[in-house]
Amino acid sequence: MSHVQQELSSQPECWERAAALAPGHRDALGAPGERIAVVGCGTSWFMGQAVAALREGAGLGETDAFAASEFPASRPYDRVIALTRSGTTTEVLALLGALRGRVRTTAVTADPATPVMTAADDLVVLDFADERSVVQTRFATTALTLLRAHFGLHPAQAVADARTALAEPLPEGLVDCAQFSFLGRGWTVGLAQEAALKMREASLSWTEAYPAMEYRHGPISIATGGTATWMFGEAPAGLAAQVGATGARWIEGRLDPLAELVRAQRLAVAVAAAKGVDPDRPRHLTRSVVLDPSV
């Protein structure tokens with residue numbers, strides 16, 4: 001069994017621990033009414049998109065999400081929350097350094113024995129969700145669960161649904177599809193983006209992700225027999241029928257959307273196995289992106 005497969009299977013337990021930790025980090029994770037930005041790179045950026053949509057949608061305050069390299073330096077925030085599994089990502093550390101003394105910062109990380117320990121003002125450590133794999137699974141979803149719980153938006157059903165997502169077989173024939181499109185609405189747009197990234201990283205698959213209402217504005221043109229369209233959350237009216245009319249497979253998200261991401265992670269591993277690709281050795285990737293300062 002690959003590292004990524006072992007780690008994605010441990011998510012229900014990780015989510016329970018993260019939800020229990022959330023009350024102890026109330027100050028570090030931001031108060032209602034604060035203007036907050038969530039930053040990260042790759043997977044962490046997509047989780048940040050989900051966090052921002054959840055928080056602002058719940059009326060807890062203006063919340064934005066940025067790739068760490070694209071943070072708008074002139075925009076005022078009360079707090080910046082950085083999601084960083086490794087604690088060593090160059091762009092995140094550079095941003096935290098630039099914000100020092102100007103904006104309160106919090107780092108959510110899996111490893112405190114890294115430069116992020118002193119780069120951020122506040123630290124939340126999810127070391128039980130750390131990973132050996134390059135491809136992120138449980139750290140990302142555990143960090144999102146921590147923040148869902150902090151916002152009062154973590155349903156108990158999410159953990160039960162994650163166990164269902166791990167136990168149930170994937171839809172028959174899905175592994176054989178040549179292309180996958182993932183769709184979301186609101187906070188699940190970030191989850192759709194992350195599902196597509198997992199498929200690319202772990203199985204070298206052709207995948208795309210879109211806001212669900214945008215799918216009909218061009219992207220649906222690639223839907224045909226042998227492709228799959230997977231919805232995270234409630235689908236717009238009529239979209240399932242339109243996708244079905246193209247001959248593509250429609251996958252309805254019937255579980256908690258975060259548990260649906262677990263299903264997509266399993267699909268990425270299954271497609272990798274079918275292709276003879278090692279998901280623990282993703283092409284051209286490393287566990288943390290540490291850039292040469294001279295570049």
# chains A, B, ... in the order shown; residues from 1 in each chain; ligands from 1
>>> closest_atom_pairs(of="range 87-166 of chain A", to="range 186-205 of chain A", cutoff="9 Å", atoms="only C-alpha atoms", output="tab-separated table")
residue	atom	partner	partner_atom	distance
A:Val135	CA	A:Glu201	CA	6.8
A:Gln136	CA	A:Lys198	CA	8.0
A:Thr137	CA	A:Lys198	CA	8.4
>>> select_by_dssp(residues="range 14-226 of chain A", states="alpha helix (DSSP H)", output="PyMOL selection string")
chain A and resi 14-21+43-57+90-99+116-119+138-150+157-167+188-203
>>> write_last_selection(atoms="C-alpha atoms", output="mmCIF file, in the first residue's frame")
data_model
loop_
_atom_site.group_PDB
_atom_site.id
_atom_site.type_symbol
_atom_site.label_atom_id
_atom_site.label_comp_id
_atom_site.auth_asym_id
_atom_site.auth_seq_id
_atom_site.Cartn_x
_atom_site.Cartn_y
_atom_site.Cartn_z
ATOM 1 C CA CYS A 14 -7.654 13.108 11.966
ATOM 2 C CA TRP A 15 -10.814 15.142 11.489
ATOM 3 C CA GLU A 16 -12.123 14.146 14.905
ATOM 4 C CA ARG A 17 -8.875 15.279 16.545
ATOM 5 C CA ALA A 18 -8.822 18.564 14.645
ATOM 6 C CA ALA A 19 -12.405 19.399 15.581
ATOM 7 C CA ALA A 20 -11.585 18.761 19.239
ATOM 8 C CA LEU A 21 -8.535 21.059 19.025
ATOM 9 C CA THR A 43 -3.269 22.297 -2.254
ATOM 10 C CA SER A 44 -3.138 24.775 0.633
ATOM 11 C CA TRP A 45 -4.287 27.583 -1.661
ATOM 12 C CA PHE A 46 -7.325 25.543 -2.707
ATOM 13 C CA MET A 47 -8.129 24.774 0.939
ATOM 14 C CA GLY A 48 -7.799 28.489 1.595
ATOM 15 C CA GLN A 49 -10.406 29.184 -1.082
ATOM 16 C CA ALA A 50 -12.800 26.841 0.696
ATOM 17 C CA VAL A 51 -12.050 28.447 4.076
ATOM 18 C CA ALA A 52 -12.632 31.956 2.747
ATOM 19 C CA ALA A 53 -15.966 31.091 1.159
ATOM 20 C CA LEU A 54 -17.162 29.261 4.274
ATOM 21 C CA ARG A 55 -16.219 32.044 6.668
ATOM 22 C CA GLU A 56 -17.599 34.924 4.642
ATOM 23 C CA GLY A 57 -20.709 32.939 3.714
ATOM 24 C CA THR A 90 9.580 29.637 0.116
ATOM 25 C CA GLU A 91 6.667 31.856 -0.898
ATOM 26 C CA VAL A 92 4.857 31.388 2.428
ATOM 27 C CA LEU A 93 7.934 32.173 4.503
ATOM 28 C CA ALA A 94 8.704 35.236 2.374
ATOM 29 C CA LEU A 95 5.186 36.571 2.855
ATOM 30 C CA LEU A 96 5.184 35.977 6.610
ATOM 31 C CA GLY A 97 8.490 37.794 6.829
ATOM 32 C CA ALA A 98 7.138 40.750 4.870
ATOM 33 C CA LEU A 99 4.077 40.968 7.145
ATOM 34 C CA VAL A 116 7.586 28.717 10.162
ATOM 35 C CA MET A 117 7.940 28.293 13.941
ATOM 36 C CA THR A 118 9.419 31.777 14.222
ATOM 37 C CA ALA A 119 8.040 33.302 11.033
ATOM 38 C CA ARG A 138 -5.005 14.227 5.183
ATOM 39 C CA PHE A 139 -3.156 17.400 6.208
ATOM 40 C CA ALA A 140 -5.191 19.504 3.794
ATOM 41 C CA THR A 141 -8.567 18.134 4.829
ATOM 42 C CA THR A 142 -7.630 18.166 8.524
ATOM 43 C CA ALA A 143 -6.634 21.840 8.351
ATOM 44 C CA LEU A 144 -9.944 22.614 6.658
ATOM 45 C CA THR A 145 -11.796 20.614 9.315
ATOM 46 C CA LEU A 146 -10.044 22.616 12.064
ATOM 47 C CA LEU A 147 -11.315 25.833 10.527
ATOM 48 C CA ARG A 148 -14.787 24.468 9.800
ATOM 49 C CA ALA A 149 -15.027 23.555 13.476
ATOM 50 C CA HIS A 150 -13.733 26.990 14.502
ATOM 51 C CA GLN A 157 -21.941 13.708 9.664
ATOM 52 C CA ALA A 158 -18.740 14.702 7.855
ATOM 53 C CA VAL A 159 -16.696 12.095 9.721
ATOM 54 C CA ALA A 160 -19.306 9.388 9.171
ATOM 55 C CA ASP A 161 -19.442 10.321 5.488
ATOM 56 C CA ALA A 162 -15.647 10.106 5.235
ATOM 57 C CA ARG A 163 -15.816 6.545 6.544
ATOM 58 C CA THR A 164 -18.485 5.798 3.942
ATOM 59 C CA ALA A 165 -16.298 7.324 1.233
ATOM 60 C CA LEU A 166 -13.459 5.016 2.257
ATOM 61 C CA ALA A 167 -15.596 1.889 2.515
ATOM 62 C CA THR A 188 -16.798 23.563 -2.751
ATOM 63 C CA VAL A 189 -15.171 25.278 -5.750
ATOM 64 C CA GLY A 190 -11.889 25.002 -3.829
ATOM 65 C CA LEU A 191 -12.565 21.310 -3.207
ATOM 66 C CA ALA A 192 -13.193 20.769 -6.917
ATOM 67 C CA GLN A 193 -9.885 22.448 -7.718
ATOM 68 C CA GLU A 194 -8.131 20.221 -5.197
ATOM 69 C CA ALA A 195 -9.744 17.054 -6.582
ATOM 70 C CA ALA A 196 -8.441 17.941 -10.034
ATOM 71 C CA LEU A 197 -4.975 18.605 -8.631
ATOM 72 C CA LYS A 198 -4.932 15.213 -6.894
ATOM 73 C CA MET A 199 -5.800 13.473 -10.148
ATOM 74 C CA ARG A 200 -3.004 15.288 -11.982
ATOM 75 C CA GLU A 201 -0.386 14.723 -9.291
ATOM 76 C CA ALA A 202 -1.086 11.116 -8.388
ATOM 77 C CA SER A 203 -2.200 9.643 -11.719
#
>>> select_by_dssp(residues="range 148-206 of chain A", states="strand (DSSP E)", output="PDB file with N, CA and C atoms, in the first residue's frame")
ATOM      1  N   GLN A 179     -10.994  11.436 -19.108  1.00  0.00           N
ATOM      2  CA  GLN A 179     -10.935  12.827 -18.665  1.00  0.00           C
ATOM      3  C   GLN A 179     -11.924  13.030 -17.532  1.00  0.00           C
ATOM      4  N   PHE A 180     -11.572  13.910 -16.575  1.00  0.00           N
ATOM      5  CA  PHE A 180     -12.408  14.154 -15.406  1.00  0.00           C
ATOM      6  C   PHE A 180     -12.579  15.650 -15.197  1.00  0.00           C
ATOM      7  N   SER A 181     -13.827  16.096 -15.030  1.00  0.00           N
ATOM      8  CA  SER A 181     -14.120  17.481 -14.679  1.00  0.00           C
ATOM      9  C   SER A 181     -14.769  17.495 -13.304  1.00  0.00           C
ATOM     10  N   PHE A 182     -14.281  18.357 -12.419  1.00  0.00           N
ATOM     11  CA  PHE A 182     -14.818  18.485 -11.066  1.00  0.00           C
ATOM     12  C   PHE A 182     -15.456  19.858 -10.919  1.00  0.00           C
ATOM     13  N   LEU A 183     -16.664  19.876 -10.349  1.00  0.00           N
ATOM     14  CA  LEU A 183     -17.440  21.107 -10.243  1.00  0.00           C
ATOM     15  C   LEU A 183     -17.809  21.395  -8.791  1.00  0.00           C
ATOM     16  N   GLY A 184     -17.887  22.673  -8.461  1.00  0.00           N
ATOM     17  CA  GLY A 184     -18.291  23.064  -7.119  1.00  0.00           C
ATOM     18  C   GLY A 184     -19.085  24.343  -7.143  1.00  0.00           C
ATOM     19  N   TRP A 206      -5.840  13.778 -17.174  1.00  0.00           N
ATOM     20  CA  TRP A 206      -6.359  15.020 -17.739  1.00  0.00           C
ATOM     21  C   TRP A 206      -7.581  15.415 -16.912  1.00  0.00           C
TER      22      TRP A 206
END
>>> residues_around(residues="Ile251 in chain A", least_positions_apart="4", cutoff="8 Å", atoms="only C-alpha atoms", output="list in words")
Ala228, Thr229, Trp230 and Met231 of chain A
>>> residues_around(residues="Ala274 in chain A", least_positions_apart="5", cutoff="9 Å", atoms="only C-alpha atoms", output="MDAnalysis selection string")
chainID A and resid 175:176 203 269
>>> atom_distance(atom1="CA of Ala110 in chain A", atom2="CA of Asp122 in chain A")
13.9 Å
>>> residues_around(residues="Arg35 in chain A", least_positions_apart="2", cutoff="10 Å", atoms="only C-alpha atoms", output="list of chain:residue names")
A:Gly30, A:Ala31, A:Pro32, A:Gly33, A:Ala37, A:Glu56, A:Leu60, A:Gly61, A:Glu62, A:Thr63, A:Asp64, A:Pro76, A:Tyr77, A:Asp78, A:Arg79, A:Val80
>>> closest_residue(among="A:Ser86, A:Ser133, A:Phe66, A:Met213", to="Gln6 in chain A", atoms="only C-alpha atoms")
A:Ser133
>>> residues_around(residues="Asp127 in chain A", least_positions_apart="2", cutoff="10 Å", atoms="only C-alpha atoms", output="PyMOL selection string")
chain A and resi 85+109-112+124-125+129-131+139
>>> write_last_selection(atoms="all heavy atoms", output="PDB file, in the first residue's frame")
ATOM      1  N   ARG A  85       1.861  22.762   5.122  1.00  0.00           N
ATOM      2  CA  ARG A  85       2.159  21.446   5.695  1.00  0.00           C
ATOM      3  C   ARG A  85       3.599  21.351   6.157  1.00  0.00           C
ATOM      4  O   ARG A  85       3.885  20.939   7.285  1.00  0.00           O
ATOM      5  CB  ARG A  85       1.866  20.346   4.677  1.00  0.00           C
ATOM      6  CG  ARG A  85       2.250  18.945   5.164  1.00  0.00           C
ATOM      7  CD  ARG A  85       1.967  17.867   4.137  1.00  0.00           C
ATOM      8  NE  ARG A  85       2.797  17.992   2.940  1.00  0.00           N
ATOM      9  CZ  ARG A  85       2.838  17.064   1.969  1.00  0.00           C
ATOM     10  NH1 ARG A  85       2.078  15.989   2.067  1.00  0.00           N
ATOM     11  NH2 ARG A  85       3.602  17.241   0.913  1.00  0.00           N
ATOM     12  N   THR A 109       0.318  24.294  10.493  1.00  0.00           N
ATOM     13  CA  THR A 109       1.368  23.466   9.921  1.00  0.00           C
ATOM     14  C   THR A 109       1.354  22.067  10.518  1.00  0.00           C
ATOM     15  O   THR A 109       0.723  21.828  11.557  1.00  0.00           O
ATOM     16  CB  THR A 109       2.750  24.116  10.141  1.00  0.00           C
ATOM     17  OG1 THR A 109       3.750  23.387   9.446  1.00  0.00           O
ATOM     18  CG2 THR A 109       3.101  24.172  11.628  1.00  0.00           C
ATOM     19  N   ALA A 110       2.076  21.157   9.865  1.00  0.00           N
ATOM     20  CA  ALA A 110       2.214  19.801  10.396  1.00  0.00           C
ATOM     21  C   ALA A 110       3.531  19.617  11.126  1.00  0.00           C
ATOM     22  O   ALA A 110       3.701  18.633  11.841  1.00  0.00           O
ATOM     23  CB  ALA A 110       2.116  18.784   9.257  1.00  0.00           C
ATOM     24  N   ASP A 111       4.477  20.552  10.939  1.00  0.00           N
ATOM     25  CA  ASP A 111       5.814  20.364  11.497  1.00  0.00           C
ATOM     26  C   ASP A 111       6.319  21.673  12.089  1.00  0.00           C
ATOM     27  O   ASP A 111       6.751  22.569  11.355  1.00  0.00           O
ATOM     28  CB  ASP A 111       6.763  19.879  10.391  1.00  0.00           C
ATOM     29  CG  ASP A 111       8.150  19.524  10.925  1.00  0.00           C
ATOM     30  OD1 ASP A 111       8.396  19.725  12.128  1.00  0.00           O
ATOM     31  OD2 ASP A 111       8.979  19.048  10.135  1.00  0.00           O
ATOM     32  N   PRO A 112       6.306  21.804  13.416  1.00  0.00           N
ATOM     33  CA  PRO A 112       6.764  23.055  14.026  1.00  0.00           C
ATOM     34  C   PRO A 112       8.285  23.200  14.035  1.00  0.00           C
ATOM     35  O   PRO A 112       8.799  24.288  14.282  1.00  0.00           O
ATOM     36  CB  PRO A 112       6.218  22.956  15.450  1.00  0.00           C
ATOM     37  CG  PRO A 112       6.217  21.481  15.733  1.00  0.00           C
ATOM     38  CD  PRO A 112       5.859  20.829  14.423  1.00  0.00           C
ATOM     39  N   VAL A 124      -0.501  26.876  14.908  1.00  0.00           N
ATOM     40  CA  VAL A 124      -1.380  25.739  15.188  1.00  0.00           C
ATOM     41  C   VAL A 124      -0.727  24.522  14.545  1.00  0.00           C
ATOM     42  O   VAL A 124      -0.518  24.505  13.328  1.00  0.00           O
ATOM     43  CB  VAL A 124      -2.796  25.950  14.624  1.00  0.00           C
ATOM     44  CG1 VAL A 124      -3.672  24.735  14.942  1.00  0.00           C
ATOM     45  CG2 VAL A 124      -3.421  27.230  15.170  1.00  0.00           C
ATOM     46  N   VAL A 125      -0.401  23.527  15.359  1.00  0.00           N
ATOM     47  CA  VAL A 125       0.336  22.358  14.871  1.00  0.00           C
ATOM     48  C   VAL A 125      -0.596  21.155  14.781  1.00  0.00           C
ATOM     49  O   VAL A 125      -1.192  20.740  15.779  1.00  0.00           O
ATOM     50  CB  VAL A 125       1.529  22.037  15.788  1.00  0.00           C
ATOM     51  CG1 VAL A 125       2.281  20.817  15.260  1.00  0.00           C
ATOM     52  CG2 VAL A 125       2.468  23.233  15.879  1.00  0.00           C
ATOM     53  N   ALA A 129      -1.430  14.862  11.633  1.00  0.00           N
ATOM     54  CA  ALA A 129      -1.881  14.777  10.239  1.00  0.00           C
ATOM     55  C   ALA A 129      -0.730  14.951   9.253  1.00  0.00           C
ATOM     56  O   ALA A 129      -0.967  15.087   8.051  1.00  0.00           O
ATOM     57  CB  ALA A 129      -2.958  15.825   9.971  1.00  0.00           C
ATOM     58  N   ASP A 130       0.504  14.941   9.734  1.00  0.00           N
ATOM     59  CA  ASP A 130       1.654  15.054   8.833  1.00  0.00           C
ATOM     60  C   ASP A 130       1.696  13.841   7.911  1.00  0.00           C
ATOM     61  O   ASP A 130       1.050  12.814   8.169  1.00  0.00           O
ATOM     62  CB  ASP A 130       2.955  15.152   9.634  1.00  0.00           C
ATOM     63  CG  ASP A 130       4.081  15.799   8.832  1.00  0.00           C
ATOM     64  OD1 ASP A 130       3.874  16.106   7.650  1.00  0.00           O
ATOM     65  OD2 ASP A 130       5.173  15.975   9.405  1.00  0.00           O
ATOM     66  N   GLU A 131       2.469  13.969   6.838  1.00  0.00           N
ATOM     67  CA  GLU A 131       2.458  12.946   5.797  1.00  0.00           C
ATOM     68  C   GLU A 131       3.876  12.651   5.308  1.00  0.00           C
ATOM     69  O   GLU A 131       4.724  13.541   5.268  1.00  0.00           O
ATOM     70  CB  GLU A 131       1.607  13.421   4.608  1.00  0.00           C
ATOM     71  CG  GLU A 131       0.151  13.630   4.969  1.00  0.00           C
ATOM     72  CD  GLU A 131      -0.580  14.537   3.994  1.00  0.00           C
ATOM     73  OE1 GLU A 131       0.030  15.476   3.466  1.00  0.00           O
ATOM     74  OE2 GLU A 131      -1.778  14.304   3.771  1.00  0.00           O
ATOM     75  N   PHE A 139      -3.449  16.108   5.584  1.00  0.00           N
ATOM     76  CA  PHE A 139      -3.156  17.400   6.208  1.00  0.00           C
ATOM     77  C   PHE A 139      -4.111  18.470   5.690  1.00  0.00           C
ATOM     78  O   PHE A 139      -4.647  19.280   6.456  1.00  0.00           O
ATOM     79  CB  PHE A 139      -1.716  17.846   5.982  1.00  0.00           C
ATOM     80  CG  PHE A 139      -1.475  19.228   6.535  1.00  0.00           C
ATOM     81  CD1 PHE A 139      -1.360  19.423   7.901  1.00  0.00           C
ATOM     82  CD2 PHE A 139      -1.440  20.339   5.696  1.00  0.00           C
ATOM     83  CE1 PHE A 139      -1.201  20.717   8.432  1.00  0.00           C
ATOM     84  CE2 PHE A 139      -1.281  21.624   6.208  1.00  0.00           C
ATOM     85  CZ  PHE A 139      -1.155  21.803   7.579  1.00  0.00           C
TER      86      PHE A 139
END
>>> atom_distance(atom1="CA of Gly173 in chain A", atom2="CA of Arg263 in chain A")
14.6 Å
>>> closest_residue(among="A:Ser69, A:Leu267, A:Ala178, A:Leu239", to="Gly226 in chain A", atoms="only C-alpha atoms")
A:Ala178
